[in-house]
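Engineer: Quick one, run.cif (mmCIF, C-alpha atoms and all ligand atoms; chains and numbers go by the auth columns):
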```cif
data_model
loop_
_atom_site.group_PDB
_atom_site.id
_atom_site.type_symbol
_atom_site.label_atom_id
_atom_site.label_comp_id
_atom_site.label_asym_id
_atom_site.label_seq_id
_atom_site.Cartn_x
_atom_site.Cartn_y
_atom_site.Cartn_z
_atom_site.B_iso_or_equiv
_atom_site.auth_seq_id
_atom_site.auth_asym_id
ATOM 1 C CA MET A 1 -31.073 24.754 -3.364 0.00 1 A
ATOM 2 C CA SER A 2 -30.844 21.339 -4.966 0.00 2 A
ATOM 3 C CA LYS A 3 -27.749 19.252 -4.883 0.00 3 A
ATOM 4 C CA GLU A 4 -26.972 16.798 -7.663 0.00 4 A
ATOM 5 C CA PRO A 5 -26.064 13.288 -6.575 0.00 5 A
ATOM 6 C CA ALA A 6 -22.410 12.352 -6.676 0.00 6 A
ATOM 7 C CA PRO A 7 -21.378 10.443 -9.798 0.00 7 A
ATOM 8 C CA PRO A 8 -20.945 6.692 -9.355 0.00 8 A
ATOM 9 C CA ILE A 9 -17.510 5.378 -8.485 0.00 9 A
ATOM 10 C CA VAL A 10 -15.962 3.647 -11.494 0.00 10 A
ATOM 11 C CA ARG A 11 -13.497 0.971 -10.457 0.00 11 A
ATOM 12 C CA THR A 12 -10.488 -0.040 -12.532 0.00 12 A
ATOM 13 C CA GLU A 13 -9.672 -3.669 -13.288 0.00 13 A
ATOM 14 C CA ILE A 14 -8.604 -5.963 -10.466 0.00 14 A
ATOM 15 C CA VAL A 15 -4.946 -7.025 -10.496 0.00 15 A
ATOM 16 C CA GLU A 16 -2.984 -9.420 -8.294 0.00 16 A
ATOM 17 C CA PHE A 17 0.195 -8.728 -6.371 0.00 17 A
ATOM 18 C CA SER A 18 2.051 -10.283 -3.449 0.00 18 A
ATOM 19 C CA PHE A 19 2.981 -8.816 -0.092 0.00 19 A
ATOM 20 C CA ASP A 20 5.172 -10.618 2.418 0.00 20 A
ATOM 21 C CA GLY A 21 4.727 -13.862 0.473 0.00 21 A
ATOM 22 C CA ARG A 22 0.912 -13.717 0.382 0.00 22 A
ATOM 23 C CA LYS A 23 -1.278 -13.059 -2.653 0.00 23 A
ATOM 24 C CA PHE A 24 -3.561 -10.030 -2.672 0.00 24 A
ATOM 25 C CA SER A 25 -5.640 -8.202 -5.214 0.00 25 A
ATOM 26 C CA GLY A 26 -6.414 -4.559 -5.709 0.00 26 A
ATOM 27 C CA HIS A 27 -7.721 -2.144 -8.266 0.00 27 A
ATOM 28 C CA GLN A 28 -5.128 -1.104 -10.813 0.00 28 A
ATOM 29 C CA GLY A 29 -3.788 2.326 -9.936 0.00 29 A
ATOM 30 C CA GLU A 30 -4.777 2.497 -6.284 0.00 30 A
ATOM 31 C CA THR A 31 -1.792 2.735 -3.991 0.00 31 A
ATOM 32 C CA VAL A 32 -0.193 -0.294 -2.371 0.00 32 A
ATOM 33 C CA ALA A 33 -1.028 1.109 1.068 0.00 33 A
ATOM 34 C CA VAL A 34 -4.721 1.554 0.246 0.00 34 A
ATOM 35 C CA ALA A 35 -5.005 -1.847 -1.444 0.00 35 A
ATOM 36 C CA LEU A 36 -3.571 -3.512 1.673 0.00 36 A
ATOM 37 C CA LEU A 37 -5.632 -1.377 4.045 0.00 37 A
ATOM 38 C CA ARG A 38 -8.834 -2.426 2.272 0.00 38 A
ATOM 39 C CA GLN A 39 -7.883 -6.019 3.053 0.00 39 A
ATOM 40 C CA GLY A 40 -7.130 -5.344 6.699 0.00 40 A
ATOM 41 C CA ILE A 41 -3.333 -5.080 6.476 0.00 41 A
ATOM 42 C CA ILE A 42 -2.139 -2.047 8.410 0.00 42 A
ATOM 43 C CA GLN A 43 1.351 -3.192 9.437 0.00 43 A
ATOM 44 C CA LEU A 44 3.673 -2.536 6.522 0.00 44 A
ATOM 45 C CA ARG A 45 6.973 -3.041 8.329 0.00 45 A
ATOM 46 C CA ASP A 46 8.637 -3.237 11.745 0.00 46 A
ATOM 47 C CA ALA A 47 10.646 -0.418 13.287 0.00 47 A
ATOM 48 C CA PRO A 48 14.407 -0.832 12.681 0.00 48 A
ATOM 49 C CA ASN A 49 15.459 -1.543 16.276 0.00 49 A
ATOM 50 C CA THR A 50 12.300 -2.941 17.863 0.00 50 A
ATOM 51 C CA PRO A 51 9.435 -5.169 16.716 0.00 51 A
ATOM 52 C CA ALA A 52 7.093 -2.158 16.866 0.00 52 A
ATOM 53 C CA ALA A 53 4.622 -2.086 13.975 0.00 53 A
ATOM 54 C CA ARG A 54 4.788 0.678 11.394 0.00 54 A
ATOM 55 C CA GLY A 55 2.200 1.671 8.801 0.00 55 A
ATOM 56 C CA MET A 56 0.616 4.638 7.071 0.00 56 A
ATOM 57 C CA PHE A 57 0.796 7.977 8.874 0.00 57 A
ATOM 58 C CA CYS A 58 0.894 10.991 6.545 0.00 58 A
ATOM 59 C CA VAL A 59 -0.341 9.192 3.392 0.00 59 A
ATOM 60 C CA MET A 60 1.432 11.730 1.193 0.00 60 A
ATOM 61 C CA GLY A 61 5.001 10.499 0.917 0.00 61 A
ATOM 62 C CA ILE A 62 6.625 12.573 3.639 0.00 62 A
ATOM 63 C CA CYS A 63 6.902 10.559 6.868 0.00 63 A
ATOM 64 C CA GLN A 64 8.444 7.345 5.414 0.00 64 A
ATOM 65 C CA GLU A 65 6.477 5.233 7.918 0.00 65 A
ATOM 66 C CA CYS A 66 5.019 3.118 5.109 0.00 66 A
ATOM 67 C CA VAL A 67 8.293 2.203 3.385 0.00 67 A
ATOM 68 C CA ILE A 68 8.243 -1.226 1.749 0.00 68 A
ATOM 69 C CA GLU A 69 10.426 -3.062 -0.743 0.00 69 A
ATOM 70 C CA ILE A 70 9.364 -3.559 -4.329 0.00 70 A
ATOM 71 C CA ASN A 71 11.790 -5.714 -6.272 0.00 71 A
ATOM 72 C CA GLY A 72 14.412 -4.922 -3.640 0.00 72 A
ATOM 73 C CA LYS A 73 14.006 -1.153 -3.824 0.00 73 A
ATOM 74 C CA ARG A 74 12.577 0.841 -0.930 0.00 74 A
ATOM 75 C CA LYS A 75 9.529 2.908 -1.801 0.00 75 A
ATOM 76 C CA GLU A 76 6.624 4.536 0.018 0.00 76 A
ATOM 77 C CA ALA A 77 3.536 2.299 -0.085 0.00 77 A
ATOM 78 C CA CYS A 78 1.325 5.388 -0.056 0.00 78 A
ATOM 79 C CA ARG A 79 2.791 6.604 -3.341 0.00 79 A
ATOM 80 C CA VAL A 80 3.247 3.452 -5.426 0.00 80 A
ATOM 81 C CA PRO A 81 0.292 2.428 -7.594 0.00 81 A
ATOM 82 C CA ILE A 82 -0.668 -1.223 -7.739 0.00 82 A
ATOM 83 C CA SER A 83 -0.004 -3.053 -10.961 0.00 83 A
ATOM 84 C CA SER A 84 -0.242 -6.703 -11.894 0.00 84 A
ATOM 85 C CA GLY A 85 2.506 -8.945 -10.552 0.00 85 A
ATOM 86 C CA LEU A 86 4.163 -6.568 -8.104 0.00 86 A
ATOM 87 C CA ILE A 87 6.255 -8.448 -5.551 0.00 87 A
ATOM 88 C CA ILE A 88 6.262 -6.457 -2.342 0.00 88 A
ATOM 89 C CA ASP A 89 8.035 -7.270 0.903 0.00 89 A
ATOM 90 C CA LYS A 90 8.483 -5.730 4.302 0.00 90 A
ATOM 91 C CA VAL A 91 11.774 -3.847 4.673 0.00 91 A
ATOM 92 C CA LYS A 92 14.604 -6.016 5.986 0.00 92 A
ATOM 93 C CA TYR A 93 17.098 -4.292 8.229 0.00 93 A
HETATM 94 S S1 LIG B . 2.411 7.265 4.993 0.00 101 N
HETATM 95 FE FE1 LIG B . 3.919 8.785 5.160 0.00 101 N
HETATM 96 S S2 LIG B . 5.238 8.392 3.503 0.00 101 N
HETATM 97 FE FE2 LIG B . 3.629 6.960 3.254 0.00 101 N
#
```
As a first step, turn the structure in this file into structure tokens.
Ligand code: FES

Structural biologist:
Amino acid sequence: MSKEPAPPIVRTEIVEFSFDGRKFSGHQGETVAVALLRQGIIQLRDAPNTPAARGMFCVMGICQECVIEINGKRKEACRVPISSGLIIDKVKY
């Protein structure tokens, strides 16, 4: 039984965005959470009542652990695709 090799991964164009005041880049269409994870950022916010770090958990939009602010609106980082010029901040309580 022969197995064909997997097709090559085709990457989309690289776009820039900001998170917590710092510039980052990612591939257009990948999620904010994945783009940040690839650059070593795993803390997406603090817990509301303690400085405990919060980040991705379910990675499918259910747990709300990855909530961030994009242009002042709270959204799940694991569900929002990166696009050029996004301004993303940690949630402020
Ligand atoms: S990781 Fe659970 S909603 Fe994003």

Engineer: Apply the PyMOL selection byres (((not hetatm)) within 7 of (chain N and resi 101)) to the displayed file and report the matching residues as a list in words.

Structural biologist: Gly55, Met56, Phe57, Cys58, Val59, Met60, Gly61, Ile62, Cys63, Gln64, Glu65, Cys66, Val67, Glu76, Ala77, Cys78 and Arg79 of chain A

Engineer: Applying 8 Å and all atoms listed in the file, which residues near Val15 (chain A) remain after dropping the ones on its own chain fewer than 2 positions away? List them as a list in words.

Structural biologist: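 The contact residues come out as Glu13, Phe17, Ser25, Gly26, His27, Gln28, Ile82, Ser83, Ser84 and Gly85 of chain A.
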
Engineer: When you draw a straight line from CA of Leu36 (chain A) to CA of Asp20 (chain A), how long is it in Å?

Structural biologist: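 Computing it gives 11.3 Å between the two atoms.
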
Engineer: Please evaluate the PyMOL selection byres (((chain A and resi 18) around 9) and not hetatm) against the displayed coordinates and give the resulting residues as a PyMOL selection string.

Structural biologist: chain A and resi 16-17+19-25+85-89

Engineer: One decimal, in Å: what's the spacing between CA of Thr31 (chain A) and CA of Lys73 (chain A)?

Structural biologist: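 Straight-line distance from CA of Thr31 (chain A) to CA of Lys73 (chain A) works out to 16.3 Å.
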
Engineer: Go ahead and compute the interatomic distance for CA of Ile70 (chain A) and CA of Pro51 (chain A), in Å to one decimal.

Structural biologist: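 Interatomic distance here is 21.1 Å.
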
Engineer: Given the choices A:Val91, A:Ala52, A:Ala6, A:Ile14, which gets closest to Ala35 (chain A) if the distance is worked out from only C-alpha atoms?

Structural biologist: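 Looking only at the distances to Ala35 (chain A), the closest residue turns out to be A:Ile14.
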
Engineer: Which of these, A:Lys75, A:Ile68, A:Pro81, A:Ala33, has the shortest distance to Ala47 (chain A) once you count all atoms listed in the file?

Structural biologist: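 Checking each candidate against Ala47 (chain A), we get A:Ile68 as the closest.
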
Engineer: Region 34-51 of chain A, all listed atoms, 3 Å padding on each side: what axis-aligned box centre and edge lengths in Å to one decimal come out, as AutoDock Vina command-line options?

Structural biologist:
```
--center_x 3.3 --center_y -2.2 --center_z 8.2 --size_x 30.3 --size_y 13.6 --size_z 25.3
```

Engineer: Can you take the partial region 16-27 of chain A, add all heavy atoms, and return it as a PDB file, in the coordinates of the input?

Structural biologist:
```
ATOM      1  N   GLU A  16      -3.540  -8.679  -9.427  1.00  0.00           N
ATOM      2  CA  GLU A  16      -2.984  -9.420  -8.294  1.00  0.00           C
ATOM      3  C   GLU A  16      -1.543  -8.998  -8.050  1.00  0.00           C
ATOM      4  O   GLU A  16      -0.807  -8.675  -8.972  1.00  0.00           O
ATOM      5  CB  GLU A  16      -3.063 -10.919  -8.551  1.00  0.00           C
ATOM      6  CG  GLU A  16      -4.489 -11.420  -8.586  1.00  0.00           C
ATOM      7  CD  GLU A  16      -4.582 -12.933  -8.578  1.00  0.00           C
ATOM      8  OE1 GLU A  16      -3.559 -13.603  -8.838  1.00  0.00           O
ATOM      9  OE2 GLU A  16      -5.693 -13.420  -8.305  1.00  0.00           O
ATOM     10  N   PHE A  17      -1.173  -9.026  -6.773  1.00  0.00           N
ATOM     11  CA  PHE A  17       0.195  -8.728  -6.371  1.00  0.00           C
ATOM     12  C   PHE A  17       0.487  -9.537  -5.111  1.00  0.00           C
ATOM     13  O   PHE A  17      -0.415 -10.149  -4.538  1.00  0.00           O
ATOM     14  CB  PHE A  17       0.373  -7.219  -6.111  1.00  0.00           C
ATOM     15  CG  PHE A  17      -0.441  -6.681  -4.965  1.00  0.00           C
ATOM     16  CD1 PHE A  17       0.127  -6.500  -3.710  1.00  0.00           C
ATOM     17  CD2 PHE A  17      -1.781  -6.355  -5.129  1.00  0.00           C
ATOM     18  CE1 PHE A  17      -0.606  -5.999  -2.644  1.00  0.00           C
ATOM     19  CE2 PHE A  17      -2.543  -5.865  -4.068  1.00  0.00           C
ATOM     20  CZ  PHE A  17      -1.955  -5.681  -2.835  1.00  0.00           C
ATOM     21  N   SER A  18       1.745  -9.572  -4.688  1.00  0.00           N
ATOM     22  CA  SER A  18       2.051 -10.283  -3.449  1.00  0.00           C
ATOM     23  C   SER A  18       2.672  -9.318  -2.452  1.00  0.00           C
ATOM     24  O   SER A  18       3.343  -8.350  -2.825  1.00  0.00           O
ATOM     25  CB  SER A  18       2.982 -11.467  -3.695  1.00  0.00           C
ATOM     26  OG  SER A  18       4.287 -11.016  -3.980  1.00  0.00           O
ATOM     27  N   PHE A  19       2.394  -9.591  -1.184  1.00  0.00           N
ATOM     28  CA  PHE A  19       2.981  -8.816  -0.092  1.00  0.00           C
ATOM     29  C   PHE A  19       3.388  -9.790   0.995  1.00  0.00           C
ATOM     30  O   PHE A  19       2.553 -10.581   1.454  1.00  0.00           O
ATOM     31  CB  PHE A  19       1.976  -7.802   0.463  1.00  0.00           C
ATOM     32  CG  PHE A  19       2.474  -7.075   1.692  1.00  0.00           C
ATOM     33  CD1 PHE A  19       3.513  -6.172   1.598  1.00  0.00           C
ATOM     34  CD2 PHE A  19       1.915  -7.303   2.936  1.00  0.00           C
ATOM     35  CE1 PHE A  19       3.993  -5.509   2.713  1.00  0.00           C
ATOM     36  CE2 PHE A  19       2.376  -6.651   4.069  1.00  0.00           C
ATOM     37  CZ  PHE A  19       3.416  -5.742   3.954  1.00  0.00           C
ATOM     38  N   ASP A  20       4.671  -9.762   1.348  1.00  0.00           N
ATOM     39  CA  ASP A  20       5.172 -10.618   2.418  1.00  0.00           C
ATOM     40  C   ASP A  20       4.865 -12.090   2.133  1.00  0.00           C
ATOM     41  O   ASP A  20       4.510 -12.848   3.035  1.00  0.00           O
ATOM     42  CB  ASP A  20       4.562 -10.170   3.742  1.00  0.00           C
ATOM     43  CG  ASP A  20       5.483 -10.433   4.928  1.00  0.00           C
ATOM     44  OD1 ASP A  20       6.705 -10.570   4.709  1.00  0.00           O
ATOM     45  OD2 ASP A  20       4.984 -10.496   6.065  1.00  0.00           O
ATOM     46  N   GLY A  21       4.932 -12.475   0.870  1.00  0.00           N
ATOM     47  CA  GLY A  21       4.727 -13.862   0.473  1.00  0.00           C
ATOM     48  C   GLY A  21       3.282 -14.291   0.305  1.00  0.00           C
ATOM     49  O   GLY A  21       3.015 -15.446  -0.013  1.00  0.00           O
ATOM     50  N   ARG A  22       2.332 -13.385   0.517  1.00  0.00           N
ATOM     51  CA  ARG A  22       0.912 -13.717   0.382  1.00  0.00           C
ATOM     52  C   ARG A  22       0.316 -12.994  -0.815  1.00  0.00           C
ATOM     53  O   ARG A  22       0.713 -11.874  -1.138  1.00  0.00           O
ATOM     54  CB  ARG A  22       0.144 -13.309   1.642  1.00  0.00           C
ATOM     55  CG  ARG A  22       0.564 -14.096   2.854  1.00  0.00           C
ATOM     56  CD  ARG A  22       0.024 -13.520   4.145  1.00  0.00           C
ATOM     57  NE  ARG A  22      -1.406 -13.267   4.105  1.00  0.00           N
ATOM     58  CZ  ARG A  22      -2.029 -12.454   4.954  1.00  0.00           C
ATOM     59  NH1 ARG A  22      -1.356 -11.830   5.896  1.00  0.00           N
ATOM     60  NH2 ARG A  22      -3.321 -12.279   4.869  1.00  0.00           N
ATOM     61  N   LYS A  23      -0.622 -13.650  -1.476  1.00  0.00           N
ATOM     62  CA  LYS A  23      -1.278 -13.059  -2.653  1.00  0.00           C
ATOM     63  C   LYS A  23      -2.407 -12.128  -2.220  1.00  0.00           C
ATOM     64  O   LYS A  23      -3.183 -12.452  -1.317  1.00  0.00           O
ATOM     65  CB  LYS A  23      -1.859 -14.153  -3.544  1.00  0.00           C
ATOM     66  CG  LYS A  23      -0.810 -15.058  -4.148  1.00  0.00           C
ATOM     67  CD  LYS A  23      -0.375 -14.524  -5.477  1.00  0.00           C
ATOM     68  CE  LYS A  23       0.613 -15.489  -6.110  1.00  0.00           C
ATOM     69  NZ  LYS A  23       1.595 -14.820  -6.905  1.00  0.00           N
ATOM     70  N   PHE A  24      -2.488 -10.998  -2.903  1.00  0.00           N
ATOM     71  CA  PHE A  24      -3.561 -10.030  -2.672  1.00  0.00           C
ATOM     72  C   PHE A  24      -4.048  -9.530  -4.020  1.00  0.00           C
ATOM     73  O   PHE A  24      -3.407  -9.746  -5.048  1.00  0.00           O
ATOM     74  CB  PHE A  24      -3.059  -8.835  -1.853  1.00  0.00           C
ATOM     75  CG  PHE A  24      -2.733  -9.171  -0.431  1.00  0.00           C
ATOM     76  CD1 PHE A  24      -1.440  -9.513  -0.065  1.00  0.00           C
ATOM     77  CD2 PHE A  24      -3.718  -9.162   0.543  1.00  0.00           C
ATOM     78  CE1 PHE A  24      -1.137  -9.834   1.243  1.00  0.00           C
ATOM     79  CE2 PHE A  24      -3.428  -9.483   1.860  1.00  0.00           C
ATOM     80  CZ  PHE A  24      -2.130  -9.822   2.206  1.00  0.00           C
ATOM     81  N   SER A  25      -5.168  -8.854  -3.997  1.00  0.00           N
ATOM     82  CA  SER A  25      -5.640  -8.202  -5.214  1.00  0.00           C
ATOM     83  C   SER A  25      -6.054  -6.779  -4.870  1.00  0.00           C
ATOM     84  O   SER A  25      -6.356  -6.462  -3.716  1.00  0.00           O
ATOM     85  CB  SER A  25      -6.812  -8.976  -5.823  1.00  0.00           C
ATOM     86  OG  SER A  25      -7.884  -9.022  -4.925  1.00  0.00           O
ATOM     87  N   GLY A  26      -6.028  -5.953  -5.882  1.00  0.00           N
ATOM     88  CA  GLY A  26      -6.414  -4.559  -5.709  1.00  0.00           C
ATOM     89  C   GLY A  26      -6.801  -3.994  -7.052  1.00  0.00           C
ATOM     90  O   GLY A  26      -6.645  -4.646  -8.081  1.00  0.00           O
ATOM     91  N   HIS A  27      -7.327  -2.799  -7.024  1.00  0.00           N
ATOM     92  CA  HIS A  27      -7.721  -2.144  -8.266  1.00  0.00           C
ATOM     93  C   HIS A  27      -6.511  -1.436  -8.864  1.00  0.00           C
ATOM     94  O   HIS A  27      -5.834  -0.671  -8.165  1.00  0.00           O
ATOM     95  CB  HIS A  27      -8.852  -1.149  -8.018  1.00  0.00           C
ATOM     96  CG  HIS A  27     -10.132  -1.829  -7.661  1.00  0.00           C
ATOM     97  ND1 HIS A  27     -10.981  -2.333  -8.616  1.00  0.00           N
ATOM     98  CD2 HIS A  27     -10.679  -2.126  -6.466  1.00  0.00           C
ATOM     99  CE1 HIS A  27     -12.013  -2.893  -8.023  1.00  0.00           C
ATOM    100  NE2 HIS A  27     -11.864  -2.784  -6.703  1.00  0.00           N
TER     101      HIS A  27
END
```
